[in-house]
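Chemist: This is upload24.cif (mmCIF, C-alpha atoms).
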data_entry
loop_
_atom_site.label_atom_id
_atom_site.label_comp_id
_atom_site.auth_asym_id
_atom_site.auth_seq_id
_atom_site.Cartn_x
_atom_site.Cartn_y
_atom_site.Cartn_z
CA MET Q 22 104.12 156.52 77.70
CA PRO Q 23 105.48 155.82 81.23
CA LYS Q 24 107.88 152.92 81.72
CA ILE Q 25 106.11 149.59 82.13
CA PRO Q 26 106.31 148.43 85.77
CA LYS Q 27 108.66 145.50 86.46
CA ALA Q 28 105.69 143.58 87.84
CA PHE Q 29 104.51 143.03 84.26
CA LYS Q 30 107.60 141.03 83.27
CA ASN Q 31 105.80 137.67 83.28
CA PHE Q 32 103.06 138.65 80.85
CA THR Q 33 103.36 137.48 77.25
CA LYS Q 34 103.71 139.91 74.36
CA ALA Q 35 100.12 139.18 73.35
CA GLU Q 36 98.86 139.93 76.86
CA LEU Q 37 100.88 143.14 77.07
CA ALA Q 38 99.44 144.20 73.72
CA VAL Q 39 95.95 144.08 75.28
CA PHE Q 40 97.01 146.32 78.15
CA LYS Q 41 98.73 148.68 75.72
CA ARG Q 42 95.44 149.21 73.84
CA LEU Q 43 93.53 149.94 77.05
CA ASN Q 44 95.02 153.39 77.53
CA SER Q 45 91.98 155.16 79.02
CA PRO Q 46 89.27 154.34 81.60
CA LYS Q 47 86.69 154.44 78.79
CA LYS Q 48 88.54 151.78 76.81
CA VAL Q 49 88.98 149.63 79.90
CA GLN Q 50 85.26 149.83 80.65
CA ASP Q 51 84.35 149.06 77.04
CA PHE Q 52 86.64 146.02 77.10
CA LEU Q 53 85.04 144.67 80.26
CA ASP Q 54 81.51 145.38 79.05
CA LYS Q 55 82.12 143.14 76.01
CA LEU Q 56 83.12 140.20 78.20
CA PRO Q 57 80.32 137.82 79.23
CA ILE Q 58 79.60 137.77 82.91
CA ASN Q 59 81.33 135.02 84.88
CA PHE Q 60 78.49 133.02 86.43
CA GLU Q 61 80.95 130.74 88.24
CA GLU Q 62 79.18 127.61 87.00
CA HIS Q 63 81.87 125.33 88.42
CA GLY Q 64 82.47 127.09 91.72
CA ASP Q 65 83.54 130.47 93.05
CA THR Q 66 86.40 132.16 91.23
CA CYS Q 67 88.59 135.22 91.50
CA TYR Q 68 90.66 135.26 88.34
CA SER Q 69 94.04 136.91 87.98
CA PRO Q 70 94.39 139.36 85.08
CA ARG Q 71 96.01 136.60 82.99
CA GLN Q 72 93.22 134.16 83.75
CA LEU Q 73 90.59 136.74 82.86
CA LEU Q 74 92.21 137.10 79.43
CA LYS Q 75 92.28 133.32 79.04
CA GLN Q 76 88.75 132.66 80.26
CA LYS Q 77 87.28 135.69 78.44
CA LYS Q 78 84.68 136.32 81.14
CA SER Q 79 84.52 138.27 84.39
CA HIS Q 80 82.52 139.20 87.45
CA CYS Q 81 82.87 142.38 89.50
CA SER Q 82 86.01 141.77 91.55
CA GLU Q 83 87.81 140.10 88.66
CA GLY Q 84 86.95 143.01 86.40
CA ALA Q 85 88.02 145.57 89.00
CA ILE Q 86 91.40 143.86 89.51
CA PHE Q 87 91.94 143.70 85.76
CA ALA Q 88 90.97 147.36 85.29
CA ALA Q 89 93.30 148.46 88.08
CA THR Q 90 96.08 146.44 86.43
CA ALA Q 91 95.47 148.24 83.13
CA PHE Q 92 95.74 151.61 84.90
CA TRP Q 93 99.01 150.45 86.46
CA TYR Q 94 100.45 149.53 83.06
CA HIS Q 95 99.84 153.09 81.88
CA GLY Q 96 101.44 154.75 84.87
CA GLY Q 97 98.49 155.07 87.24
CA LYS Q 98 97.99 153.48 90.63
CA PRO Q 99 96.15 150.12 90.65
CA MET Q 100 93.50 150.95 93.22
CA LEU Q 101 90.34 149.13 94.25
CA MET Q 102 87.39 150.33 96.31
CA ASP Q 103 85.08 147.96 98.15
CA LEU Q 104 81.43 148.92 98.56
CA LYS Q 105 80.15 147.01 101.56
CA ALA Q 106 76.64 145.81 102.27
CA PRO Q 107 76.08 143.77 105.44
CA GLY Q 108 73.73 140.85 105.84
CA ASP Q 109 72.41 138.95 102.83
CA ASP Q 110 73.51 141.42 100.17
CA PHE Q 111 76.83 141.29 98.32
CA ASP Q 112 79.76 143.69 98.31
CA HIS Q 113 80.71 145.33 95.03
CA VAL Q 114 84.28 146.13 93.96
CA VAL Q 115 85.32 148.87 91.52
CA ALA Q 116 88.62 150.13 90.13
CA LEU Q 117 89.42 153.74 90.95
CA PHE Q 118 90.95 156.35 88.67
CA LYS Q 119 91.47 160.09 88.73
CA VAL Q 120 91.21 162.69 85.95
CA HIS Q 121 92.05 166.35 86.66
CA GLY Q 122 91.85 165.64 90.37
CA TYR Q 123 88.40 164.02 90.29
CA TRP Q 124 87.53 160.40 91.04
CA GLY Q 125 85.81 157.96 88.70
CA ALA Q 126 85.33 154.18 88.70
CA VAL Q 127 85.36 151.26 86.30
CA SER Q 128 82.79 148.65 87.26
CA LYS Q 129 81.99 145.19 85.88
CA THR Q 130 78.42 144.16 86.60
CA ASN Q 131 75.65 142.17 84.96
CA HIS Q 132 72.99 144.64 86.08
CA ALA Q 133 71.74 147.91 84.63
CA VAL Q 134 72.94 149.71 87.75
CA LEU Q 135 76.20 149.89 89.77
CA ARG Q 136 78.12 150.66 86.58
CA TYR Q 137 80.87 153.00 85.32
CA ARG Q 138 81.24 156.37 87.03
CA GLU Q 139 82.55 159.42 85.23
CA PRO Q 140 85.49 161.22 86.90
CA ILE Q 141 83.39 164.02 88.37
CA TYR Q 142 83.54 163.19 92.09
CA LYS Q 143 85.68 165.35 94.36
CA THR Q 144 85.92 162.77 97.14
CA LEU Q 145 85.67 159.01 97.43
CA ARG Q 146 82.66 159.46 99.69
CA GLU Q 147 80.88 161.33 96.89
CA LEU Q 148 81.74 158.52 94.49
CA ALA Q 149 80.53 155.82 96.89
CA LEU Q 150 77.30 157.72 97.57
CA SER Q 151 76.57 157.75 93.83
CA TYR Q 152 75.86 154.03 94.17
CA PHE Q 153 73.67 154.33 97.27
CA HIS Q 154 70.16 154.55 95.81
CA GLU Q 155 70.89 151.84 93.26
CA TYR Q 156 72.17 149.42 95.89
CA ILE Q 157 68.91 147.66 96.73
CA MET Q 158 67.61 144.16 97.37
CA ASN Q 159 64.54 142.57 95.81
CA ASN Q 160 62.43 143.71 98.77
CA GLY Q 161 63.45 147.34 98.18
CA LYS Q 162 65.83 147.59 101.13
CA LYS Q 163 68.77 149.96 100.55
CA THR Q 164 71.83 148.12 101.83
CA LEU Q 165 75.02 150.06 101.03
CA ARG Q 166 76.66 151.00 104.32
CA SER Q 167 80.39 151.70 103.84
CA PHE Q 168 83.26 152.06 101.40
CA SER Q 169 86.92 151.21 101.67
CA ALA Q 170 89.93 153.44 101.50
CA PRO Q 171 91.79 153.05 98.19
CA PHE Q 172 93.38 149.59 98.15
CA ASP Q 173 96.66 149.83 96.24
CA LEU Q 174 97.53 146.54 94.51
CA SER Q 175 101.07 147.73 93.76
CA LYS Q 176 101.86 147.43 97.47
CA ILE Q 177 101.49 143.64 97.36
CA LYS Q 178 105.07 142.42 97.77
CA ASN Q 179 104.89 139.50 95.35
CA SER Q 180 103.59 140.34 91.88
CA GLU Q 181 102.82 136.71 90.99
CA TRP Q 182 99.12 137.47 91.52
CA LEU Q 183 99.10 139.18 88.12
CA THR Q 184 99.66 135.96 86.18
CA THR Q 185 98.88 133.15 88.61
CA ASP Q 186 96.53 130.27 87.84
CA GLN Q 187 95.42 130.34 91.49
CA GLN Q 188 92.37 132.24 92.72
CA LEU Q 189 93.04 135.67 94.21
CA TRP Q 190 91.12 135.07 97.44
CA LYS Q 191 93.85 136.65 99.59
CA ILE Q 192 93.47 139.98 97.78
CA ILE Q 193 89.70 139.93 98.27
CA GLU Q 194 90.07 138.99 101.95
CA ASP Q 195 92.59 141.77 102.54
CA LEU Q 196 90.35 144.27 100.74
CA ASP Q 197 87.36 143.18 102.82
CA GLU Q 198 89.36 143.60 106.04
CA SER Q 199 90.90 146.94 105.03
CA LYS Q 200 89.79 150.26 106.51
CA HIS Q 201 86.19 151.19 105.60
CA TYR Q 202 84.24 154.39 106.16
CA SER Q 203 80.59 154.55 107.12
CA LEU Q 204 78.11 156.15 104.72
CA VAL Q 205 75.07 156.27 107.00
CA SER Q 206 74.53 156.31 110.75
CA ALA Q 207 72.44 153.72 112.54
CA ALA Q 208 69.64 156.26 112.92
CA GLN Q 209 69.76 157.14 109.24
CA ALA Q 210 69.70 153.46 108.29
CA ARG Q 211 66.58 152.89 110.39
CA GLY Q 212 64.81 155.77 108.64
CA LEU Q 213 65.54 154.75 105.05
CA ARG Q 214 62.58 154.46 102.70
CA LYS Q 215 62.36 151.32 100.59
CA ALA Q 216 62.83 151.61 96.85
CA ASP Q 217 59.76 151.83 94.63
CA ALA Q 218 58.56 148.86 92.57
CA ILE Q 219 59.84 150.45 89.36
CA GLU Q 220 63.31 150.88 90.91
CA ILE Q 221 63.31 147.25 92.00
CA LYS Q 222 62.29 146.20 88.49
CA ALA Q 223 65.08 148.28 86.95
CA GLY Q 224 67.57 146.70 89.32
CA LYS Q 225 66.66 143.24 88.03
CA LEU Q 226 67.50 144.13 84.43
CA VAL Q 227 70.55 142.11 83.37
CA GLU Q 228 72.85 142.20 80.36
CA TRP Q 229 73.89 138.52 80.23
CA LYS Q 230 71.59 135.56 80.90
CA LYS Q 231 72.69 132.14 82.14
#
Before anything else, please render the file you have as structure tokens.

Modeler:
Amino acid sequence: MPKIPKAFKNFTKAELAVFKRLNSPKKVQDFLDKLPINFEEHGDTCYSPRQLLKQKKSHCSEGAIFAATAFWYHGGKPMLMDLKAPGDDFDHVVALFKVHGYWGAVSKTNHAVLRYREPIYKTLRELALSYFHEYIMNNGKKTLRSFSAPFDLSKIKNSEWLTTDQQLWKIIEDLDESKHYSLVSAAQARGLRKADAIEIKAGKLVEWKK
């Protein structure tokens, strides 16, 4: 196993034991899938990896940051990708990983779609496009428009974000403002067909209820 990064020095032995067990993307995804969704009943949150372990719940960006941290522990790069939808829809954040040169993604979501992606995508654009037809609003509008370049969490100078009790809004803001690449042109966006009723119904299927 690669040497544990110095950034992990403030985790407890019990916390490190969790990361040690999560030694593959599959195990990381299984771990996140077992956590209840974070409905943010008491206000918006963006938990650090330590807080996620304490609170035992997660939403998409919290899960992506935790997954990227687990990859870092095992010698990978802790990389996020932002999937951006303008207007009234929400962005989605995933953790990136590579196997045999192909991209995959760990994704925490409460819905039946926008989930884990196997490492079969040659480019990040291919990976982002795999979410395109599932990224719809209740009126059937397809809203995914761009994806970010890999956002490397190891480049953050201060590693206190790993164990802080504070919300990680700065990371999310920096990710949102990072370089993004367009998936569709304006002309293509105008010509998009709305999703069918059965697709909309499938998109409303959730795993955890309030």

Chemist: List the spatial neighbours of Glu36 (chain Q) as a VMD selection string - criterion: any atom at most 10 Å away, all atoms listed in the file, same-chain residues fewer than 6 positions off excluded.

Modeler: chain Q and resid 29 70 to 71 74 to 75

Chemist: Rounded to one decimal in Å, what is the spacing between CA of Gln209 (chain Q) and CA of Pro140 (chain Q)?

Modeler: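 These two atoms are separated by 27.6 Å.
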
Chemist: Could you tell me which of Q:Lys105, Q:Ala85, Q:Gly96, Q:Lys163 comes closest to Ser69 (chain Q) if we count only C-alpha atoms?

Modeler: Q:Ala85

Chemist: What gap, in Å, lies between CA of Ile193 (chain Q) and CA of Pro171 (chain Q)?

Modeler: 13.3 Å

Chemist: With only C-alpha atoms as the basis for distance, which of Q:Leu53, Q:Leu183, Q:Leu196, Q:Ile177 is at the shortest distance from Asp112 (chain Q)?

Modeler: Q:Leu196

Chemist: With the file shown as input, list the residues that the PyMOL selection byres ((chain Q and resi 111) around 12) selects, as a PyMOL selection string.

Modeler: chain Q and resi 81-82+103-110+112-114+156-158+164-166+197

Chemist: Quick one: region 62-98 of chain Q with N, CA and C atoms, as a PDB file, in the coordinates of the input?

Modeler:
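Once everything was written out, this is rebuild-v6.pdb:
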ATOM      1  N   GLU Q  62      79.951 128.846  87.097  1.00  0.00           N
ATOM      2  CA  GLU Q  62      79.180 127.610  87.000  1.00  0.00           C
ATOM      3  C   GLU Q  62      79.831 126.435  87.720  1.00  0.00           C
ATOM      4  N   HIS Q  63      81.153 126.459  87.818  1.00  0.00           N
ATOM      5  CA  HIS Q  63      81.870 125.330  88.420  1.00  0.00           C
ATOM      6  C   HIS Q  63      82.489 125.679  89.773  1.00  0.00           C
ATOM      7  N   GLY Q  64      81.965 126.693  90.417  1.00  0.00           N
ATOM      8  CA  GLY Q  64      82.470 127.090  91.720  1.00  0.00           C
ATOM      9  C   GLY Q  64      82.967 128.517  91.731  1.00  0.00           C
ATOM     10  N   ASP Q  65      83.121 129.078  92.913  1.00  0.00           N
ATOM     11  CA  ASP Q  65      83.540 130.470  93.050  1.00  0.00           C
ATOM     12  C   ASP Q  65      84.930 130.686  92.472  1.00  0.00           C
ATOM     13  N   THR Q  66      85.108 131.827  91.831  1.00  0.00           N
ATOM     14  CA  THR Q  66      86.400 132.160  91.230  1.00  0.00           C
ATOM     15  C   THR Q  66      86.780 133.596  91.572  1.00  0.00           C
ATOM     16  N   CYS Q  67      88.070 133.853  91.492  1.00  0.00           N
ATOM     17  CA  CYS Q  67      88.590 135.220  91.500  1.00  0.00           C
ATOM     18  C   CYS Q  67      89.830 135.213  90.620  1.00  0.00           C
ATOM     19  N   TYR Q  68      89.610 135.398  89.324  1.00  0.00           N
ATOM     20  CA  TYR Q  68      90.660 135.260  88.340  1.00  0.00           C
ATOM     21  C   TYR Q  68      91.738 136.342  88.463  1.00  0.00           C
ATOM     22  N   SER Q  69      92.963 135.948  88.180  1.00  0.00           N
ATOM     23  CA  SER Q  69      94.040 136.910  87.980  1.00  0.00           C
ATOM     24  C   SER Q  69      93.825 137.599  86.640  1.00  0.00           C
ATOM     25  N   PRO Q  70      94.505 138.715  86.391  1.00  0.00           N
ATOM     26  CA  PRO Q  70      94.390 139.360  85.080  1.00  0.00           C
ATOM     27  C   PRO Q  70      94.688 138.404  83.914  1.00  0.00           C
ATOM     28  N   ARG Q  71      95.708 137.554  84.065  1.00  0.00           N
ATOM     29  CA  ARG Q  71      96.010 136.600  82.990  1.00  0.00           C
ATOM     30  C   ARG Q  71      94.855 135.628  82.789  1.00  0.00           C
ATOM     31  N   GLN Q  72      94.315 135.107  83.875  1.00  0.00           N
ATOM     32  CA  GLN Q  72      93.220 134.160  83.750  1.00  0.00           C
ATOM     33  C   GLN Q  72      91.974 134.796  83.160  1.00  0.00           C
ATOM     34  N   LEU Q  73      91.726 136.046  83.475  1.00  0.00           N
ATOM     35  CA  LEU Q  73      90.590 136.740  82.860  1.00  0.00           C
ATOM     36  C   LEU Q  73      90.757 136.780  81.344  1.00  0.00           C
ATOM     37  N   LEU Q  74      91.967 137.064  80.877  1.00  0.00           N
ATOM     38  CA  LEU Q  74      92.210 137.100  79.430  1.00  0.00           C
ATOM     39  C   LEU Q  74      92.047 135.714  78.810  1.00  0.00           C
ATOM     40  N   LYS Q  75      92.422 134.678  79.545  1.00  0.00           N
ATOM     41  CA  LYS Q  75      92.280 133.320  79.040  1.00  0.00           C
ATOM     42  C   LYS Q  75      90.827 132.862  79.028  1.00  0.00           C
ATOM     43  N   GLN Q  76      90.126 133.141  80.120  1.00  0.00           N
ATOM     44  CA  GLN Q  76      88.750 132.660  80.260  1.00  0.00           C
ATOM     45  C   GLN Q  76      87.753 133.511  79.484  1.00  0.00           C
ATOM     46  N   LYS Q  77      88.133 134.768  79.213  1.00  0.00           N
ATOM     47  CA  LYS Q  77      87.280 135.690  78.440  1.00  0.00           C
ATOM     48  C   LYS Q  77      85.908 135.888  79.081  1.00  0.00           C
ATOM     49  N   LYS Q  78      85.899 136.011  80.400  1.00  0.00           N
ATOM     50  CA  LYS Q  78      84.680 136.320  81.140  1.00  0.00           C
ATOM     51  C   LYS Q  78      85.106 136.910  82.476  1.00  0.00           C
ATOM     52  N   SER Q  79      84.150 137.563  83.170  1.00  0.00           N
ATOM     53  CA  SER Q  79      84.520 138.270  84.390  1.00  0.00           C
ATOM     54  C   SER Q  79      83.300 138.573  85.239  1.00  0.00           C
ATOM     55  N   HIS Q  80      83.515 138.600  86.556  1.00  0.00           N
ATOM     56  CA  HIS Q  80      82.520 139.200  87.450  1.00  0.00           C
ATOM     57  C   HIS Q  80      83.145 140.437  88.084  1.00  0.00           C
ATOM     58  N   CYS Q  81      82.491 141.036  89.068  1.00  0.00           N
ATOM     59  CA  CYS Q  81      82.870 142.380  89.500  1.00  0.00           C
ATOM     60  C   CYS Q  81      84.279 142.495  90.035  1.00  0.00           C
ATOM     61  N   SER Q  82      84.681 141.632  90.973  1.00  0.00           N
ATOM     62  CA  SER Q  82      86.010 141.770  91.550  1.00  0.00           C
ATOM     63  C   SER Q  82      87.099 141.427  90.549  1.00  0.00           C
ATOM     64  N   GLU Q  83      86.846 140.434  89.706  1.00  0.00           N
ATOM     65  CA  GLU Q  83      87.810 140.100  88.660  1.00  0.00           C
ATOM     66  C   GLU Q  83      87.988 141.261  87.687  1.00  0.00           C
ATOM     67  N   GLY Q  84      86.886 141.870  87.302  1.00  0.00           N
ATOM     68  CA  GLY Q  84      86.950 143.010  86.400  1.00  0.00           C
ATOM     69  C   GLY Q  84      87.646 144.200  87.025  1.00  0.00           C
ATOM     70  N   ALA Q  85      87.386 144.438  88.311  1.00  0.00           N
ATOM     71  CA  ALA Q  85      88.020 145.570  89.000  1.00  0.00           C
ATOM     72  C   ALA Q  85      89.529 145.366  89.100  1.00  0.00           C
ATOM     73  N   ILE Q  86      89.967 144.148  89.434  1.00  0.00           N
ATOM     74  CA  ILE Q  86      91.400 143.860  89.510  1.00  0.00           C
ATOM     75  C   ILE Q  86      92.051 144.029  88.145  1.00  0.00           C
ATOM     76  N   PHE Q  87      91.396 143.551  87.102  1.00  0.00           N
ATOM     77  CA  PHE Q  87      91.940 143.700  85.760  1.00  0.00           C
ATOM     78  C   PHE Q  87      92.033 145.174  85.365  1.00  0.00           C
ATOM     79  N   ALA Q  88      90.979 145.932  85.639  1.00  0.00           N
ATOM     80  CA  ALA Q  88      90.970 147.360  85.290  1.00  0.00           C
ATOM     81  C   ALA Q  88      92.084 148.101  86.011  1.00  0.00           C
ATOM     82  N   ALA Q  89      92.241 147.814  87.310  1.00  0.00           N
ATOM     83  CA  ALA Q  89      93.300 148.460  88.080  1.00  0.00           C
ATOM     84  C   ALA Q  89      94.674 148.117  87.508  1.00  0.00           C
ATOM     85  N   THR Q  90      94.825 146.870  87.039  1.00  0.00           N
ATOM     86  CA  THR Q  90      96.080 146.440  86.430  1.00  0.00           C
ATOM     87  C   THR Q  90      96.351 147.226  85.146  1.00  0.00           C
ATOM     88  N   ALA Q  91      95.316 147.453  84.353  1.00  0.00           N
ATOM     89  CA  ALA Q  91      95.470 148.240  83.130  1.00  0.00           C
ATOM     90  C   ALA Q  91      95.897 149.670  83.450  1.00  0.00           C
ATOM     91  N   PHE Q  92      95.330 150.260  84.489  1.00  0.00           N
ATOM     92  CA  PHE Q  92      95.740 151.610  84.900  1.00  0.00           C
ATOM     93  C   PHE Q  92      97.212 151.626  85.316  1.00  0.00           C
ATOM     94  N   TRP Q  93      97.619 150.577  86.009  1.00  0.00           N
ATOM     95  CA  TRP Q  93      99.010 150.450  86.460  1.00  0.00           C
ATOM     96  C   TRP Q  93      99.973 150.416  85.272  1.00  0.00           C
ATOM     97  N   TYR Q  94      99.616 149.640  84.266  1.00  0.00           N
ATOM     98  CA  TYR Q  94     100.450 149.530  83.060  1.00  0.00           C
ATOM     99  C   TYR Q  94     100.721 150.896  82.462  1.00  0.00           C
ATOM    100  N   HIS Q  95      99.720 151.768  82.508  1.00  0.00           N
ATOM    101  CA  HIS Q  95      99.840 153.090  81.880  1.00  0.00           C
ATOM    102  C   HIS Q  95     100.278 154.181  82.854  1.00  0.00           C
ATOM    103  N   GLY Q  96     100.838 153.783  83.977  1.00  0.00           N
ATOM    104  CA  GLY Q  96     101.440 154.750  84.870  1.00  0.00           C
ATOM    105  C   GLY Q  96     100.587 155.216  86.028  1.00  0.00           C
ATOM    106  N   GLY Q  97      99.361 154.711  86.126  1.00  0.00           N
ATOM    107  CA  GLY Q  97      98.490 155.070  87.240  1.00  0.00           C
ATOM    108  C   GLY Q  97      98.678 154.118  88.414  1.00  0.00           C
ATOM    109  N   LYS Q  98      97.964 154.380  89.486  1.00  0.00           N
ATOM    110  CA  LYS Q  98      97.990 153.480  90.630  1.00  0.00           C
ATOM    111  C   LYS Q  98      96.876 152.444  90.486  1.00  0.00           C
TER     112      LYS Q  98
END
